[in-house]
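Engineer: Before I ask anything, here is the structure I am working with.
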Amino acid sequence: MFGWEFPPYNSGGLGVACLGLTRALASKDVELIFVLPYKMDLTIPNLRLVFANSRVKLRPVDSLLIPYSTVTSYQQLFSGLSSKIYANGLLAEVNRYALEGGMIAGKESFDIIHAHDWLSFGAGLAAKKVSGKPLIVHVHATEFDRSGENINQLVYNLEKEGMEEADEVIAVSQYTKDIIVERYGISPDKIEVVWNGIDPEDYQPVQPEDNGLSHWKALGYKIVLFVGRITMQKGPDYFLQAAKKVLSYNPQVIFVIAGSGDMENQIISQAASLGISDKVLFAGFLRGNELNTVYRIADLFVLPSVSEPFGIVPLEAAVNGTPVLISKQSGVSEALTHALKVDFWDIDEMADKILAVLNNPSLYGCLKENGQREVQKLSWKEAARKCISIYHKLFSRGEDNA
Amino acid sequence: MPSVCFYFQVHQPFRIKKYRIFDIGQDHQYFEDHSESNLNNKKIFQKVAKKCYLPANEVFYELLQKYPQLKLSFSFSGIFLDACETFYPELLHSFQKLVKTGKVEVLSETYYHSLSFLYSPQEFISQVKMHRQKIKKIFGITPKVFRNTELIYNNDLAKVIEKLGYKGILAEGADHVLGWQSPNFVYQPKGVKKLKLLCKNYQLSDDIAFRFSSKEWGEYPLTAPKFAQWVSAINGNGEVVNLFMDYETFGEHQWEDTGIFKFLTSLPGEILKHPDNNFVTPLEAIAKYQAVAELNVPQFISWADIERDLSAWRSNPIQEDALEKLYSLEKTVINSGDDKLIEDWRRLTTSDHFYYMCTKWWNDGDVHKYFNPYSSPYEAFISFMNVLSDLRLRIDSLKKDYKKGNSKTINLEGGCGL
């Protein structure tokens, strides 16, 4: 399996997805060799937690790939950290990773190659060439999700090549499958949808941390929460516009933005120019107990994403008992029925639904209870089960051809 | 014997349009959706009229001509008749023509197809009386048999209905009420003197209403001779077979291409092939047959869902909240004397609004989803509660007018207008 990041060295949901799926696969007796593109000081306690009693081998490769790189942000990173770089530019890195992937494949013994997202597709293809084993490419996001219509053609080409050469494509949602069919011209017959999930047992009640929000609650304020990278893809600007509308109807609301990203400064000044800076709190990037505490104190979680291939964060909110309002332009909206849904651009609708939850305790309670129950079924174990059935399918296809 | 008793429910709600918080205080036309959505009442009404009501009426009219023994009964909600007058007068004439044959009984119900019996006996009685007047006006007759919204029924309802002067009442033949007893007899509700009870034979009724086109069903395809044989098999251990169902079964729930109209066309002839079989209306059934036993129904039953209880309308906090808040406005609204306000409030009492908010089975994609014009139960709730907020604003502004002495309306606080 080719990936690129693992918690705690993750900047978003992709590392979480890789960890969740890997852990569930390992628990189902799948032997995994997990290849990482760059050296990470994965601390032993975390590793032990994840890989205890398992057959996972971790194979780091020196590189400077980070999962959410657009070519532009990679260049910024490159100029800042040049001492670590020994290959020029992102595509050179991808090529080098592919070479390493091929070499590793030559040394290891395995039956299936499973590559996560475009940065590792090259490595997956190389491994397939070396070994002749079937390749699955797992699409967590496409270039259209990351960059809107201003796609990088070279990245697109890499994605397309990976999907075309793969024996099977896994899409994290029907939403993503449709993009793959329409934009990449891949046959729908070759694409299986496997929803992401969570491990509900990871979210046991925690000792709440005192984070200041409880004081606002005590003063009668309601809390509306955004969690995610502050980037165009995640729609934080729509969140603010909806906040403005909500506040004109109900000033007793605090909007919390938890995350960081390249749009952060823009969003901070947008809050100011909308005149709602006093009601918008920037909590920075939260994880673990801190994040769970914020989920639990929030009256509503909002995912206003412009394009979200899946979106694990609403599942985390739901398992913590927070009602969720999610963008229809997301994969997770296929998986969650006990959620409010809205087109990301429909600010009025978003504000109306936020106010409905804040004004009607019965609605809050109903979404909380039903959402919490529903999310139990959306587990990584289920995702792993589907992956394994795809492995078996490819494996037996290989046997037939042999 | 046995006698076949047909009752068809004819109802369409006034669905609430998408109504946002921003509409409160601005827009009082809650039921006026002119979009292409399934909340456009006129559009839906005309669609169902063409697919179901008109062709089914035509089939029944011809059958009534062909088989003088055939009898039917309908229950129309008052708001269905209102919609008919507004959206499709021709359809109203078609129903009037059927009733004029003298072989079609019209039943009594609440004007607004409401759950008012569960919340306000006063309002319930008002709506029953309004309905009675409407039926008199449209069809020139006064119903003698009552059926409550969605066949919601218990002992208390039977008592109230007897006091209102009715001779009979309909209910679901729910297993947990009948036990070993058969639905194919006339019963007497517990605690009444004369009122008689007809229980729906849900097996045979649902064979037509729900299972007719189901290819997974072992009896598929259902033919008229086969069904008539099942009816005839009741000879000797039953007196009346109550086939109660939504009229939309014909052409809307079961589309024309399932063969439902062909089935219907040949059914009376097949049933009459057996010399002991005949047809009755509900009133004729209770006149013809003695009650065989008393039926004790302390808890509410209905014909909805597999539970046959109230859970289709009252099983989650949003449904309970919406219903409680709605009925908490009752006295103020009724006493306002403002006809438009009262009409709007009463249209909100229609049971369908609460059915749409049901989250039971929601993610299993069952009939609730099929019948829901909203994309989720939560959407239904949000529009409903926003409308209720607007209604409250209208009440407040009436009160202000009253205080200023600008209004003819009286008695906004307390008391009762009936």
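Labeling convention for the structure tokens: chains A, B, ... as they appear, residues from 1 per chain, ligands from 1 in order of appearance.
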Give me, as a ChimeraX atom specification, the contact residues of chain B against chain A at a cut-off of 9 Å, counting only C-alpha atoms.

Structural biologist: /B:20-22,316-322,359,362-363,376-379,381-382,385-386

Engineer: Show which residues sit within 12 Å of B:Asn237, as a PyMOL selection string. Count only C-alpha atoms, and ignore same-chain residues fewer than 3 positions away.

Structural biologist: chain B and resi 1-3+181-185+231-234+240-241

Engineer: Given only C-alpha atoms as the basis, pick out the residue of A:Lys244, A:Lys160, A:His138, A:Arg287 nearest to A:Val194.

Structural biologist: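 Answer, going by the shortest atom-to-atom distance: A:His138.
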
Engineer: Between atom CA of A:Val137 and atom CA of A:Val169, what is the spacing in Å?

Structural biologist: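 Between atom CA of A:Val169 and atom CA of A:Val137 the gap is 5.0 Å.
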
Engineer: What's the separation between atom CA of A:Ser277 and atom CA of A:Gly235, in Å to one decimal place?

Structural biologist: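 About the pair atom CA of A:Ser277 and atom CA of A:Gly235: they are 17.8 Å apart.
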
Engineer: Please extract the residues of stretch 258-357 of chain A with a backbone DSSP assignment of helix (DSSP H, G or I) and present them as a PyMOL selection string.

Structural biologist: chain A and resi 264-273+277-279+288-297+313-319+332-335+347-357

Engineer: What would the file look like if the residues just selected were written as a short mmCIF file (atom, residue, chain, number, x, y, z; two decimals), in the first residue's frame with C-alpha atoms?

Structural biologist:
data_model
loop_
_atom_site.label_atom_id
_atom_site.label_comp_id
_atom_site.auth_asym_id
_atom_site.auth_seq_id
_atom_site.Cartn_x
_atom_site.Cartn_y
_atom_site.Cartn_z
CA GLU A 264 -6.76 32.21 6.88
CA ASN A 265 -5.76 35.87 6.56
CA GLN A 266 -8.39 36.48 3.94
CA ILE A 267 -11.07 34.96 6.16
CA ILE A 268 -9.99 36.98 9.18
CA SER A 269 -10.27 40.20 7.21
CA GLN A 270 -13.54 39.11 5.65
CA ALA A 271 -15.01 38.62 9.13
CA ALA A 272 -13.87 42.15 9.95
CA SER A 273 -15.31 43.70 6.83
CA SER A 277 -15.26 39.81 14.05
CA ASP A 278 -16.53 39.81 17.63
CA LYS A 279 -18.66 36.73 16.88
CA GLY A 288 -7.74 14.85 19.92
CA ASN A 289 -9.35 15.80 23.16
CA GLU A 290 -9.33 19.51 22.33
CA LEU A 291 -11.27 18.89 19.15
CA ASN A 292 -13.71 16.47 20.75
CA THR A 293 -14.42 19.01 23.46
CA VAL A 294 -15.24 21.64 20.87
CA TYR A 295 -17.53 19.25 19.00
CA ARG A 296 -19.39 18.50 22.18
CA ILE A 297 -19.91 22.09 23.17
CA VAL A 313 -15.16 15.54 9.79
CA PRO A 314 -18.99 15.50 9.89
CA LEU A 315 -18.81 11.88 11.04
CA GLU A 316 -16.57 12.95 13.90
CA ALA A 317 -19.02 15.68 14.79
CA ALA A 318 -21.96 13.28 14.62
CA VAL A 319 -20.30 10.63 16.76
CA VAL A 332 -20.54 12.39 3.04
CA SER A 333 -24.00 13.70 2.17
CA GLU A 334 -24.61 10.31 0.48
CA ALA A 335 -23.71 8.50 3.67
CA ILE A 347 -26.25 31.27 1.85
CA ASP A 348 -29.92 31.93 2.66
CA GLU A 349 -30.64 28.24 2.96
CA MET A 350 -27.56 27.71 5.10
CA ALA A 351 -28.54 30.52 7.43
CA ASP A 352 -32.15 29.30 7.59
CA LYS A 353 -31.04 25.84 8.61
CA ILE A 354 -28.51 27.09 11.15
CA LEU A 355 -31.22 29.22 12.75
CA ALA A 356 -33.68 26.33 12.70
CA VAL A 357 -31.31 24.17 14.76
#

Engineer: Record the distance separating atom CA of B:Gln26 and atom CA of A:Leu358, expressed in Å with one decimal.

Structural biologist: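 Spanning atom CA of B:Gln26 to atom CA of A:Leu358 is a straight-line distance of 21.4 Å.
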
Engineer: So that I can see what lies close to A:Phe395, please list as number ranges by chain the residues with an atom at most 8 Å from it, counting only C-alpha atoms and leaving out residues fewer than 3 positions away in the same chain.

Structural biologist: A: 111-112, 134, 391-392, 398-399

Engineer: For the selection you just gave me, I'd like the residues written to a file as a compact mmCIF listing (two decimals), in the first residue's frame, keeping all heavy atoms.

Structural biologist:
# COMPACT_ATOMS: atom_id res chain seq x y z
N ASP A 111 0.47 -9.44 -3.02
CA ASP A 111 -0.49 -9.89 -4.04
C ASP A 111 -1.23 -8.74 -4.72
O ASP A 111 -1.70 -8.89 -5.85
CB ASP A 111 -1.54 -10.81 -3.39
CG ASP A 111 -0.88 -12.05 -2.80
OD1 ASP A 111 -0.17 -12.73 -3.54
OD2 ASP A 111 -1.07 -12.29 -1.59
N ILE A 112 -1.40 -7.66 -4.01
CA ILE A 112 -2.19 -6.54 -4.52
C ILE A 112 -1.44 -5.25 -4.21
O ILE A 112 -0.83 -5.12 -3.15
CB ILE A 112 -3.57 -6.47 -3.79
CG1 ILE A 112 -4.38 -7.77 -3.94
CG2 ILE A 112 -4.38 -5.25 -4.23
CD1 ILE A 112 -5.15 -7.92 -5.21
N PRO A 134 -1.90 -6.90 -9.61
CA PRO A 134 -2.97 -5.93 -9.89
C PRO A 134 -2.86 -4.67 -9.04
O PRO A 134 -2.47 -4.72 -7.87
CB PRO A 134 -4.25 -6.69 -9.57
CG PRO A 134 -3.86 -7.92 -8.86
CD PRO A 134 -2.41 -8.18 -9.10
N TYR A 391 -10.16 -6.84 -3.27
CA TYR A 391 -8.90 -7.61 -3.33
C TYR A 391 -9.17 -9.02 -3.83
O TYR A 391 -8.49 -9.54 -4.71
CB TYR A 391 -8.22 -7.71 -1.95
CG TYR A 391 -7.75 -6.40 -1.33
CD1 TYR A 391 -7.45 -6.34 0.03
CD2 TYR A 391 -7.59 -5.25 -2.10
CE1 TYR A 391 -7.01 -5.17 0.62
CE2 TYR A 391 -7.16 -4.06 -1.52
CZ TYR A 391 -6.88 -4.02 -0.15
OH TYR A 391 -6.46 -2.86 0.42
N HIS A 392 -10.20 -9.63 -3.26
CA HIS A 392 -10.52 -11.01 -3.66
C HIS A 392 -10.90 -11.09 -5.12
O HIS A 392 -10.51 -12.02 -5.83
CB HIS A 392 -11.66 -11.56 -2.78
CG HIS A 392 -11.20 -11.99 -1.43
ND1 HIS A 392 -10.24 -12.94 -1.24
CD2 HIS A 392 -11.57 -11.60 -0.18
CE1 HIS A 392 -10.02 -13.12 0.06
NE2 HIS A 392 -10.81 -12.31 0.72
N GLY A 398 -6.79 -12.60 -11.35
CA GLY A 398 -5.39 -12.93 -11.64
C GLY A 398 -5.19 -14.43 -11.75
O GLY A 398 -4.53 -14.92 -12.66
N GLU A 399 -5.83 -15.19 -10.86
CA GLU A 399 -5.73 -16.65 -10.88
C GLU A 399 -6.28 -17.21 -12.19
O GLU A 399 -5.69 -18.09 -12.80
CB GLU A 399 -6.53 -17.24 -9.72
CG GLU A 399 -6.05 -16.82 -8.34
CD GLU A 399 -4.94 -17.72 -7.83
OE1 GLU A 399 -5.28 -18.79 -7.32
OE2 GLU A 399 -3.77 -17.34 -7.94

Engineer: Find the spatial neighbours of B:Asn154, counting only C-alpha atoms, within a cut-off of 9 Å - ignore same-chain residues fewer than 2 positions away - and output them as a list in words.

Structural biologist: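 Everything that qualifies: Ile152, Asp156, Leu157, Ala158, Ala171, Pro189, Asn296, Val297, Pro298, Gln299, Phe300 and Ile301 of chain B.
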
Engineer: Could you write out the selected residues, including N, CA, C and O atoms, as a short mmCIF file (atom, residue, chain, number, x, y, z; two decimals), in the first residue's frame?

Structural biologist:
data_model
loop_
_atom_site.label_atom_id
_atom_site.label_comp_id
_atom_site.auth_asym_id
_atom_site.auth_seq_id
_atom_site.Cartn_x
_atom_site.Cartn_y
_atom_site.Cartn_z
N ILE B 152 -57.37 6.30 12.57
CA ILE B 152 -57.00 6.40 13.99
C ILE B 152 -58.27 6.16 14.82
O ILE B 152 -59.33 6.73 14.52
N ASP B 156 -62.52 5.78 23.15
CA ASP B 156 -62.99 7.14 23.42
C ASP B 156 -63.56 7.79 22.17
O ASP B 156 -64.56 8.51 22.21
N LEU B 157 -62.88 7.54 21.05
CA LEU B 157 -63.37 8.11 19.79
C LEU B 157 -64.76 7.56 19.49
O LEU B 157 -65.67 8.32 19.13
N ALA B 158 -64.92 6.25 19.68
CA ALA B 158 -66.23 5.62 19.40
C ALA B 158 -67.33 6.30 20.21
O ALA B 158 -68.42 6.58 19.69
N ALA B 171 -62.37 1.15 11.43
CA ALA B 171 -61.07 1.04 12.09
C ALA B 171 -60.20 0.03 11.35
O ALA B 171 -60.71 -0.76 10.53
N PRO B 189 -68.11 -1.28 19.48
CA PRO B 189 -67.05 -0.68 20.30
C PRO B 189 -67.41 -0.75 21.79
O PRO B 189 -68.59 -0.70 22.14
N ASN B 296 -62.70 -4.15 22.52
CA ASN B 296 -62.12 -3.20 23.47
C ASN B 296 -60.79 -2.66 22.91
O ASN B 296 -59.83 -3.41 22.77
N VAL B 297 -60.76 -1.37 22.60
CA VAL B 297 -59.54 -0.77 22.04
C VAL B 297 -59.15 0.45 22.88
O VAL B 297 -59.44 1.59 22.53
N PRO B 298 -58.49 0.21 24.02
CA PRO B 298 -58.13 1.35 24.86
C PRO B 298 -57.02 2.22 24.26
O PRO B 298 -57.03 3.44 24.41
N GLN B 299 -56.09 1.58 23.54
CA GLN B 299 -54.98 2.33 22.94
C GLN B 299 -55.33 2.71 21.50
O GLN B 299 -56.08 1.99 20.84
N PHE B 300 -54.72 3.80 21.05
CA PHE B 300 -54.98 4.22 19.67
C PHE B 300 -54.38 3.22 18.67
O PHE B 300 -53.25 2.77 18.84
N ILE B 301 -55.18 2.94 17.64
CA ILE B 301 -54.65 2.19 16.50
C ILE B 301 -54.87 3.03 15.24
O ILE B 301 -55.61 4.02 15.26
#
